[in-house]
Protein chains: 2
Amino acid sequence: MAEVTGSTPRRRATLADVAAHAGVSVPLVSIVMRDVPGASAATRERVRQAAEELGYRPDSRARLLRRTRSRLIGVAFGVQHPFHGDLVSGLYAATDAADYELALSAVTPGRDERRAIASLLQDRCEALILLGPHSPTSYLADLAARMPVVVVARAVRHRDVDVVRTDDAAGLHQAVDHLVHLGHTRIAHIDGGRAPGAAERRRGYREALQRHGLAAIQIMSGGLTEDEGAAAARALLDTVPRPTAVTVFNDRCAIGVLDVLRGAGLYLPRDMSVIGFDDDRLARLSHVALTTVAQDTQQITNLAVTRAIARLDGTTVTDRELIIPPHLVVRGTTAPPSGS
Amino acid sequence: MAEVTGSTPRRRATLADVAAHAGVSVPLVSIVMRDVPGASAATRERVRQAAEELGYRPDSRARLLRRTRSRLIGVAFGVQHPFHGDLVSGLYAATDAADYELALSAVTPGRDERRAIASLLQDRCEALILLGPHSPTSYLADLAARMPVVVVARAVRHRDVDVVRTDDAAGLHQAVDHLVHLGHTRIAHIDGGRAPGAAERRRGYREALQRHGLAAIQIMSGGLTEDEGAAAARALLDTVPRPTAVTVFNDRCAIGVLDVLRGAGLYLPRDMSVIGFDDDRLARLSHVALTTVAQDTQQITNLAVTRAIARLDGTTVTDRELIIPPHLVVRGTTAPPSGS
DNA sequence: TTGAAAGCGCTAACAA
DNA sequence: TTGTTAGCGCTTTCAA
């Protein structure tokens, strides 16, 4: 806290400054600052003191330049996407524990994925963790040829690219099982088009219905946003016979669905059961209370980091794709159908 | 795209490699890669070619280490906060235009603001832009003594700390004006407690009512979340005489208000007008259509970056605090009172 | 345990 | 226009 501000020039203190101030050599200060063996307790104390007095802070650029290993993992994430926020939190925790650093690069409306990744490459990241990337597989494969690449929350079919993702199909199996158990037989699905995971969720829905011997498969075009959910819900209302339950691609979309259904005078969950996916902050709100499929973000982020590090260490891994089971969170938008 | 993978060792190509390959000196390659004057067109072409063939990428660490200026601006943001996402997008655009780079550091549940800032300092950022920071003014002042610090979306009273924020009071003036113009005379305000901006918004509400000669000032305890808004709305319904309009601290809180009012059988906006603040993604949804006060994120981010750079350039600035006027976005939750 | 010397990849200052 | 020399702040030899 106490930093020299008066006499000292505004320039940051360097190792050399600390060394001079403590009356030792530069490498010795380096040893102390890194907490590695090779200095006596007395020296350690003296150097610590000097560093404190000068307000010394290591220069990570220089450090990284000199070290062979950067111990830096690059993360590209969508700044608009609330779920990515949760993942980033988990990634920080996981890298901390493993003594690695994280470099963040955001994908924004004006900054595409390639730019985000390019900046990570310039920063000498040793491995890349990409959250729900949209880049073509060929591009990801090019990257993976040069360095470990772990894709999170998207399926990628390429032998060099590691994948950690939720078992989307299993999530829909759980959702449908829950509905069937409540007594529903006419269950629709509002899908996410070409969004990551949408195909798997669609498949899970279809399989689960078939498994229960339900023939009335009804997949409606939806999307990722509330407005797309609202549009899908309007179409749903016109369906004859009207389903008594619906699984929705994600929570945001489900919010739009809920709103239109309520606006149309339906009393929920009596008149219609709705299940989302993601366990968004929004889903948890008491007045929304959306039943949803929760992804295990902690597990996902831990495995993503572990996998990246394993690749860096040259550990041979057998399963390129790590598929994490989700779990159903039952709240207030599901109930037996009104007829039963 | 075409990278040498076979004969070349997996080590990244350096300037020296490119220089050797092109048959020129290292600094010349540096000149070409940086696109600065000092090389003939022919050489430029040859160097470019060599760099391409070797898949050369500049090492930003080394670059930053050597340069006196890092041209790096550090940003600390809350990864959970949707509004920060918008701001980060804007900051990228603004730094791009000014030929600076952004270093991102997230504040997460497990990583506090001090850690986030510490990592930015290690990265040799020249200036700091802090989004809605929670640190005490004393800490911000300590930082500001060492480098330019621009605080966004929070008021900080210290001569060394620059501030860019929305004119919260003006936002409420606009909201109240709109309601009065529609014919409302009983207007309540649901406040945000001690959240950043809440005091200013409360003040704006009070001033505006007084300006219109309306005596019935009614400030109700609310908060930042939907649930707190819902609670406040229940209290509002019990008020006698019941107001015909309400301004709410922010959009999230307003969403909770809307939900309770509708649930109580009120028909909106006929029975009650509601105005939020922030122009959240949620407010824009066609089925919510919340009339709200929008913050000018583009202006805010541009000014934050401009100000940081001005400080770095040593330009003398007169106004430490930049207060940006918001603007009212009229949507579907406001209408004349039902009696009129 | 300590210090001297070298060099990570790059850019800045200067000389040719 | 081009090359030479030096050095950013740090870590890594290696020798004392």
# chains A, B, ... in the order shown; residues from 1 in each chain; ligands from 1
>>> residues_around(residues="segment 6-14 of chain D", least_positions_apart="6", cutoff="7 Å", atoms="only C-alpha atoms (C1' of nucleotides)", output="list in words")
Thr14, Asp59, Ala62, Arg63, Arg66 and Arg67 of chain A; Leu65 and Arg66 of chain B
>>> interface_residues(of="chain B", to="chain D", cutoff="9 Å", atoms="only C-alpha atoms (C1' of nucleotides)", output="ChimeraX atom specification")
/B:24-28,38-40,62,64-68
>>> interface_residues(of="chain B", to="chain A", cutoff="6 Å", atoms="only C-alpha atoms", output="CSV table (one decimal) with C-alpha atoms, in the first residue's frame")
chain,number,residue,atom,x,y,z
B,59,ASP,CA,4.7,-11.5,-30.1
B,60,SER,CA,2.8,-8.9,-28.2
B,61,ARG,CA,4.7,-9.5,-25.0
B,79,VAL,CA,-19.0,-10.8,-15.9
B,80,GLN,CA,-22.5,-11.3,-14.5
B,85,GLY,CA,-21.3,-6.5,-21.7
B,89,SER,CA,-18.4,-3.9,-26.7
B,104,LEU,CA,-10.0,-7.5,-20.0
B,108,THR,CA,-16.5,-12.9,-10.6
B,122,GLN,CA,0.9,-6.6,-14.0
B,123,ASP,CA,0.0,-6.5,-17.6
>>> atom_distance(atom1="atom CA of Val29 of chain B", atom2="atom CA of Arg44 of chain B")
8.1 Å
>>> closest_atom_pairs(of="chain C", to="chain A", cutoff="12 Å", atoms="only C-alpha atoms (C1' of nucleotides)", output="Markdown table")
| residue | atom | partner | partner_atom | distance |
| --- | --- | --- | --- | --- |
| C:DT1 | C1' | A:Ala39 | CA | 5.9 |
| C:DT2 | C1' | A:Leu28 | CA | 7.4 |
| C:DG3 | C1' | A:Ser25 | CA | 6.3 |
| C:DA4 | C1' | A:Ser25 | CA | 9.3 |
| C:DA5 | C1' | A:Pro27 | CA | 11.3 |
| C:DA6 | C1' | A:Arg66 | CA | 11.8 |
| C:DG7 | C1' | A:Arg66 | CA | 8.4 |
| C:DC8 | C1' | A:Arg66 | CA | 4.4 |
| C:DG9 | C1' | A:Leu65 | CA | 7.5 |
| C:DC10 | C1' | A:Leu65 | CA | 10.1 |
>>> calpha_fit_rmsd(fixed="chain B", moving="chain A")
0.7 Å
>>> atom_distance(atom1="atom CA of Met33 of chain B", atom2="atom CA of Glu45 of chain B")
10.9 Å
>>> select_by_dssp(residues="segment 254-323 of chain A", states="alpha helix (DSSP H)", output="PyMOL selection string")
chain A and resi 254-263+281-284+297-313
>>> write_last_selection(atoms="C-alpha atoms", output="PDB file, in the first residue's frame")
ATOM      1  CA  ALA A 254     -38.896 -20.016 -22.849  1.00  0.00           C
ATOM      2  CA  ILE A 255     -39.432 -16.632 -21.196  1.00  0.00           C
ATOM      3  CA  GLY A 256     -40.948 -15.378 -24.426  1.00  0.00           C
ATOM      4  CA  VAL A 257     -43.125 -18.484 -24.586  1.00  0.00           C
ATOM      5  CA  LEU A 258     -44.397 -18.008 -21.042  1.00  0.00           C
ATOM      6  CA  ASP A 259     -45.266 -14.430 -21.699  1.00  0.00           C
ATOM      7  CA  VAL A 260     -47.336 -15.095 -24.797  1.00  0.00           C
ATOM      8  CA  LEU A 261     -49.146 -18.004 -23.197  1.00  0.00           C
ATOM      9  CA  ARG A 262     -50.062 -15.929 -20.157  1.00  0.00           C
ATOM     10  CA  GLY A 263     -51.011 -13.017 -22.377  1.00  0.00           C
ATOM     11  CA  ARG A 281     -30.597 -16.203 -13.703  1.00  0.00           C
ATOM     12  CA  LEU A 282     -33.955 -15.292 -15.217  1.00  0.00           C
ATOM     13  CA  ALA A 283     -35.332 -18.771 -14.761  1.00  0.00           C
ATOM     14  CA  ARG A 284     -34.637 -18.629 -11.036  1.00  0.00           C
ATOM     15  CA  THR A 297     -20.879 -25.283 -15.227  1.00  0.00           C
ATOM     16  CA  GLN A 298     -18.387 -26.090 -12.499  1.00  0.00           C
ATOM     17  CA  GLN A 299     -17.771 -29.555 -13.855  1.00  0.00           C
ATOM     18  CA  ILE A 300     -17.559 -28.224 -17.392  1.00  0.00           C
ATOM     19  CA  THR A 301     -15.041 -25.512 -16.586  1.00  0.00           C
ATOM     20  CA  ASN A 302     -12.905 -27.783 -14.427  1.00  0.00           C
ATOM     21  CA  LEU A 303     -12.718 -30.370 -17.155  1.00  0.00           C
ATOM     22  CA  ALA A 304     -11.997 -27.813 -19.848  1.00  0.00           C
ATOM     23  CA  VAL A 305      -9.010 -26.478 -17.935  1.00  0.00           C
ATOM     24  CA  THR A 306      -7.839 -29.925 -16.889  1.00  0.00           C
ATOM     25  CA  ARG A 307      -8.007 -31.092 -20.461  1.00  0.00           C
ATOM     26  CA  ALA A 308      -6.110 -28.106 -21.816  1.00  0.00           C
ATOM     27  CA  ILE A 309      -3.362 -28.672 -19.269  1.00  0.00           C
ATOM     28  CA  ALA A 310      -3.240 -32.392 -19.978  1.00  0.00           C
ATOM     29  CA  ARG A 311      -2.643 -31.610 -23.637  1.00  0.00           C
ATOM     30  CA  LEU A 312       0.096 -29.158 -22.725  1.00  0.00           C
ATOM     31  CA  ASP A 313       1.725 -31.772 -20.528  1.00  0.00           C
TER      32      ASP A 313
END
>>> atom_distance(atom1="atom CA of Ala22 of chain A", atom2="atom CA of Val36 of chain A")
18.2 Å
>>> select_by_dssp(residues="segment 115-249 of chain A", states="strand (DSSP E or B)", output="ChimeraX atom specification")
/A:127-131,149-152,162-166,187-190,218-220,245-248
>>> closest_residue(among="A:Ala127, A:Val161, A:Met272, A:Val152", to="Gln295 of chain A", atoms="only C-alpha atoms")
A:Val152
>>> decode(residues="segment 140-190 of chain A", atoms="N, CA and C atoms", output="PDB file, in the first residue's frame")
ATOM      1  N   LEU A 140     -11.065 -24.190 -36.744  1.00  0.00           N
ATOM      2  CA  LEU A 140     -10.723 -24.728 -35.428  1.00  0.00           C
ATOM      3  C   LEU A 140      -9.645 -25.799 -35.555  1.00  0.00           C
ATOM      4  N   ALA A 141      -9.738 -26.584 -36.597  1.00  0.00           N
ATOM      5  CA  ALA A 141      -8.755 -27.646 -36.821  1.00  0.00           C
ATOM      6  C   ALA A 141      -7.378 -27.058 -37.104  1.00  0.00           C
ATOM      7  N   ASP A 142      -7.344 -25.980 -37.889  1.00  0.00           N
ATOM      8  CA  ASP A 142      -6.074 -25.300 -38.157  1.00  0.00           C
ATOM      9  C   ASP A 142      -5.420 -24.856 -36.854  1.00  0.00           C
ATOM     10  N   LEU A 143      -6.227 -24.266 -35.999  1.00  0.00           N
ATOM     11  CA  LEU A 143      -5.723 -23.830 -34.700  1.00  0.00           C
ATOM     12  C   LEU A 143      -5.207 -25.015 -33.896  1.00  0.00           C
ATOM     13  N   ALA A 144      -6.013 -26.066 -33.887  1.00  0.00           N
ATOM     14  CA  ALA A 144      -5.692 -27.235 -33.062  1.00  0.00           C
ATOM     15  C   ALA A 144      -4.429 -27.924 -33.537  1.00  0.00           C
ATOM     16  N   ALA A 145      -4.059 -27.688 -34.766  1.00  0.00           N
ATOM     17  CA  ALA A 145      -2.820 -28.279 -35.269  1.00  0.00           C
ATOM     18  C   ALA A 145      -1.616 -27.604 -34.630  1.00  0.00           C
ATOM     19  N   ARG A 146      -1.810 -26.379 -34.180  1.00  0.00           N
ATOM     20  CA  ARG A 146      -0.704 -25.628 -33.609  1.00  0.00           C
ATOM     21  C   ARG A 146      -0.645 -25.669 -32.093  1.00  0.00           C
ATOM     22  N   MET A 147      -1.816 -25.821 -31.469  1.00  0.00           N
ATOM     23  CA  MET A 147      -1.872 -25.745 -30.007  1.00  0.00           C
ATOM     24  C   MET A 147      -3.129 -26.437 -29.515  1.00  0.00           C
ATOM     25  N   PRO A 148      -3.165 -26.786 -28.220  1.00  0.00           N
ATOM     26  CA  PRO A 148      -4.371 -27.424 -27.698  1.00  0.00           C
ATOM     27  C   PRO A 148      -5.571 -26.492 -27.801  1.00  0.00           C
ATOM     28  N   VAL A 149      -6.659 -27.013 -28.308  1.00  0.00           N
ATOM     29  CA  VAL A 149      -7.898 -26.241 -28.408  1.00  0.00           C
ATOM     30  C   VAL A 149      -9.019 -27.036 -27.749  1.00  0.00           C
ATOM     31  N   VAL A 150      -9.660 -26.423 -26.757  1.00  0.00           N
ATOM     32  CA  VAL A 150     -10.795 -27.055 -26.098  1.00  0.00           C
ATOM     33  C   VAL A 150     -12.043 -26.237 -26.400  1.00  0.00           C
ATOM     34  N   VAL A 151     -12.983 -26.864 -27.066  1.00  0.00           N
ATOM     35  CA  VAL A 151     -14.235 -26.185 -27.378  1.00  0.00           C
ATOM     36  C   VAL A 151     -15.264 -26.542 -26.317  1.00  0.00           C
ATOM     37  N   VAL A 152     -15.912 -25.526 -25.778  1.00  0.00           N
ATOM     38  CA  VAL A 152     -16.916 -25.749 -24.742  1.00  0.00           C
ATOM     39  C   VAL A 152     -18.296 -25.430 -25.296  1.00  0.00           C
ATOM     40  N   ALA A 153     -19.246 -26.286 -24.987  1.00  0.00           N
ATOM     41  CA  ALA A 153     -20.647 -26.027 -25.331  1.00  0.00           C
ATOM     42  C   ALA A 153     -20.917 -26.017 -26.828  1.00  0.00           C
ATOM     43  N   ARG A 154     -20.122 -26.751 -27.547  1.00  0.00           N
ATOM     44  CA  ARG A 154     -20.464 -26.979 -28.950  1.00  0.00           C
ATOM     45  C   ARG A 154     -19.827 -28.293 -29.384  1.00  0.00           C
ATOM     46  N   ALA A 155     -20.518 -29.029 -30.202  1.00  0.00           N
ATOM     47  CA  ALA A 155     -19.960 -30.280 -30.703  1.00  0.00           C
ATOM     48  C   ALA A 155     -19.106 -29.994 -31.932  1.00  0.00           C
ATOM     49  N   VAL A 156     -17.883 -30.523 -31.933  1.00  0.00           N
ATOM     50  CA  VAL A 156     -17.006 -30.374 -33.089  1.00  0.00           C
ATOM     51  C   VAL A 156     -16.448 -31.745 -33.432  1.00  0.00           C
ATOM     52  N   ARG A 157     -16.583 -32.110 -34.670  1.00  0.00           N
ATOM     53  CA  ARG A 157     -16.080 -33.431 -35.065  1.00  0.00           C
ATOM     54  C   ARG A 157     -14.738 -33.288 -35.751  1.00  0.00           C
ATOM     55  N   HIS A 158     -13.694 -33.311 -34.971  1.00  0.00           N
ATOM     56  CA  HIS A 158     -12.349 -33.305 -35.543  1.00  0.00           C
ATOM     57  C   HIS A 158     -11.400 -33.891 -34.520  1.00  0.00           C
ATOM     58  N   ARG A 159     -10.520 -34.752 -34.960  1.00  0.00           N
ATOM     59  CA  ARG A 159      -9.705 -35.509 -34.020  1.00  0.00           C
ATOM     60  C   ARG A 159      -8.761 -34.642 -33.190  1.00  0.00           C
ATOM     61  N   ASP A 160      -8.411 -33.458 -33.669  1.00  0.00           N
ATOM     62  CA  ASP A 160      -7.481 -32.608 -32.917  1.00  0.00           C
ATOM     63  C   ASP A 160      -8.165 -31.684 -31.910  1.00  0.00           C
ATOM     64  N   VAL A 161      -9.470 -31.567 -32.024  1.00  0.00           N
ATOM     65  CA  VAL A 161     -10.179 -30.594 -31.188  1.00  0.00           C
ATOM     66  C   VAL A 161     -10.868 -31.287 -30.012  1.00  0.00           C
ATOM     67  N   ASP A 162     -10.494 -30.863 -28.804  1.00  0.00           N
ATOM     68  CA  ASP A 162     -11.163 -31.396 -27.622  1.00  0.00           C
ATOM     69  C   ASP A 162     -12.489 -30.690 -27.413  1.00  0.00           C
ATOM     70  N   VAL A 163     -13.428 -31.418 -26.849  1.00  0.00           N
ATOM     71  CA  VAL A 163     -14.751 -30.850 -26.631  1.00  0.00           C
ATOM     72  C   VAL A 163     -15.223 -31.175 -25.215  1.00  0.00           C
ATOM     73  N   VAL A 164     -15.740 -30.173 -24.542  1.00  0.00           N
ATOM     74  CA  VAL A 164     -16.418 -30.405 -23.260  1.00  0.00           C
ATOM     75  C   VAL A 164     -17.799 -29.801 -23.390  1.00  0.00           C
ATOM     76  N   ARG A 165     -18.800 -30.627 -23.262  1.00  0.00           N
ATOM     77  CA  ARG A 165     -20.133 -30.063 -23.423  1.00  0.00           C
ATOM     78  C   ARG A 165     -21.167 -30.839 -22.619  1.00  0.00           C
ATOM     79  N   THR A 166     -22.273 -30.211 -22.448  1.00  0.00           N
ATOM     80  CA  THR A 166     -23.371 -30.850 -21.745  1.00  0.00           C
ATOM     81  C   THR A 166     -24.007 -31.898 -22.650  1.00  0.00           C
ATOM     82  N   ASP A 167     -24.496 -32.945 -22.027  1.00  0.00           N
ATOM     83  CA  ASP A 167     -25.216 -33.957 -22.781  1.00  0.00           C
ATOM     84  C   ASP A 167     -26.619 -33.415 -23.064  1.00  0.00           C
ATOM     85  N   ASP A 168     -26.698 -32.656 -24.150  1.00  0.00           N
ATOM     86  CA  ASP A 168     -27.944 -31.959 -24.474  1.00  0.00           C
ATOM     87  C   ASP A 168     -29.098 -32.933 -24.655  1.00  0.00           C
ATOM     88  N   ALA A 169     -28.816 -34.029 -25.338  1.00  0.00           N
ATOM     89  CA  ALA A 169     -29.873 -35.013 -25.581  1.00  0.00           C
ATOM     90  C   ALA A 169     -30.402 -35.558 -24.253  1.00  0.00           C
ATOM     91  N   ALA A 170     -29.479 -35.875 -23.342  1.00  0.00           N
ATOM     92  CA  ALA A 170     -29.896 -36.394 -22.038  1.00  0.00           C
ATOM     93  C   ALA A 170     -30.775 -35.390 -21.309  1.00  0.00           C
ATOM     94  N   GLY A 171     -30.452 -34.107 -21.454  1.00  0.00           N
ATOM     95  CA  GLY A 171     -31.254 -33.065 -20.822  1.00  0.00           C
ATOM     96  C   GLY A 171     -32.689 -33.135 -21.296  1.00  0.00           C
ATOM     97  N   LEU A 172     -32.866 -33.334 -22.596  1.00  0.00           N
ATOM     98  CA  LEU A 172     -34.241 -33.405 -23.074  1.00  0.00           C
ATOM     99  C   LEU A 172     -34.921 -34.703 -22.707  1.00  0.00           C
ATOM    100  N   HIS A 173     -34.115 -35.762 -22.591  1.00  0.00           N
ATOM    101  CA  HIS A 173     -34.705 -37.004 -22.079  1.00  0.00           C
ATOM    102  C   HIS A 173     -35.288 -36.767 -20.695  1.00  0.00           C
ATOM    103  N   GLN A 174     -34.513 -36.102 -19.837  1.00  0.00           N
ATOM    104  CA  GLN A 174     -34.975 -35.836 -18.469  1.00  0.00           C
ATOM    105  C   GLN A 174     -36.233 -34.975 -18.471  1.00  0.00           C
ATOM    106  N   ALA A 175     -36.216 -33.962 -19.326  1.00  0.00           N
ATOM    107  CA  ALA A 175     -37.362 -33.053 -19.386  1.00  0.00           C
ATOM    108  C   ALA A 175     -38.620 -33.815 -19.820  1.00  0.00           C
ATOM    109  N   VAL A 176     -38.483 -34.605 -20.861  1.00  0.00           N
ATOM    110  CA  VAL A 176     -39.636 -35.343 -21.378  1.00  0.00           C
ATOM    111  C   VAL A 176     -40.099 -36.393 -20.359  1.00  0.00           C
ATOM    112  N   ASP A 177     -39.138 -37.074 -19.731  1.00  0.00           N
ATOM    113  CA  ASP A 177     -39.498 -38.062 -18.712  1.00  0.00           C
ATOM    114  C   ASP A 177     -40.363 -37.416 -17.624  1.00  0.00           C
ATOM    115  N   HIS A 178     -39.931 -36.249 -17.193  1.00  0.00           N
ATOM    116  CA  HIS A 178     -40.657 -35.523 -16.148  1.00  0.00           C
ATOM    117  C   HIS A 178     -42.090 -35.236 -16.601  1.00  0.00           C
ATOM    118  N   LEU A 179     -42.220 -34.782 -17.829  1.00  0.00           N
ATOM    119  CA  LEU A 179     -43.547 -34.436 -18.348  1.00  0.00           C
ATOM    120  C   LEU A 179     -44.425 -35.680 -18.485  1.00  0.00           C
ATOM    121  N   VAL A 180     -43.832 -36.724 -18.998  1.00  0.00           N
ATOM    122  CA  VAL A 180     -44.591 -37.966 -19.178  1.00  0.00           C
ATOM    123  C   VAL A 180     -45.036 -38.494 -17.812  1.00  0.00           C
ATOM    124  N   HIS A 181     -44.134 -38.401 -16.870  1.00  0.00           N
ATOM    125  CA  HIS A 181     -44.439 -38.853 -15.523  1.00  0.00           C
ATOM    126  C   HIS A 181     -45.610 -38.074 -14.922  1.00  0.00           C
ATOM    127  N   LEU A 182     -45.712 -36.799 -15.295  1.00  0.00           N
ATOM    128  CA  LEU A 182     -46.828 -35.974 -14.820  1.00  0.00           C
ATOM    129  C   LEU A 182     -48.136 -36.332 -15.528  1.00  0.00           C
ATOM    130  N   GLY A 183     -48.007 -37.059 -16.649  1.00  0.00           N
ATOM    131  CA  GLY A 183     -49.209 -37.480 -17.354  1.00  0.00           C
ATOM    132  C   GLY A 183     -49.396 -36.854 -18.727  1.00  0.00           C
ATOM    133  N   HIS A 184     -48.415 -36.091 -19.179  1.00  0.00           N
ATOM    134  CA  HIS A 184     -48.549 -35.458 -20.495  1.00  0.00           C
ATOM    135  C   HIS A 184     -48.323 -36.469 -21.618  1.00  0.00           C
ATOM    136  N   THR A 185     -49.062 -36.305 -22.689  1.00  0.00           N
ATOM    137  CA  THR A 185     -48.852 -37.152 -23.864  1.00  0.00           C
ATOM    138  C   THR A 185     -48.658 -36.316 -25.123  1.00  0.00           C
ATOM    139  N   ARG A 186     -49.205 -35.117 -25.129  1.00  0.00           N
ATOM    140  CA  ARG A 186     -48.976 -34.223 -26.280  1.00  0.00           C
ATOM    141  C   ARG A 186     -47.938 -33.175 -25.882  1.00  0.00           C
ATOM    142  N   ILE A 187     -46.677 -33.461 -26.270  1.00  0.00           N
ATOM    143  CA  ILE A 187     -45.547 -32.612 -25.871  1.00  0.00           C
ATOM    144  C   ILE A 187     -44.871 -32.065 -27.120  1.00  0.00           C
ATOM    145  N   ALA A 188     -44.789 -30.743 -27.200  1.00  0.00           N
ATOM    146  CA  ALA A 188     -44.124 -30.119 -28.349  1.00  0.00           C
ATOM    147  C   ALA A 188     -42.711 -29.695 -27.969  1.00  0.00           C
ATOM    148  N   HIS A 189     -41.903 -29.381 -28.972  1.00  0.00           N
ATOM    149  CA  HIS A 189     -40.555 -28.856 -28.736  1.00  0.00           C
ATOM    150  C   HIS A 189     -40.349 -27.619 -29.589  1.00  0.00           C
ATOM    151  N   ILE A 190     -39.880 -26.550 -28.958  1.00  0.00           N
ATOM    152  CA  ILE A 190     -39.537 -25.331 -29.688  1.00  0.00           C
ATOM    153  C   ILE A 190     -38.032 -25.307 -29.807  1.00  0.00           C
TER     154      ILE A 190
END
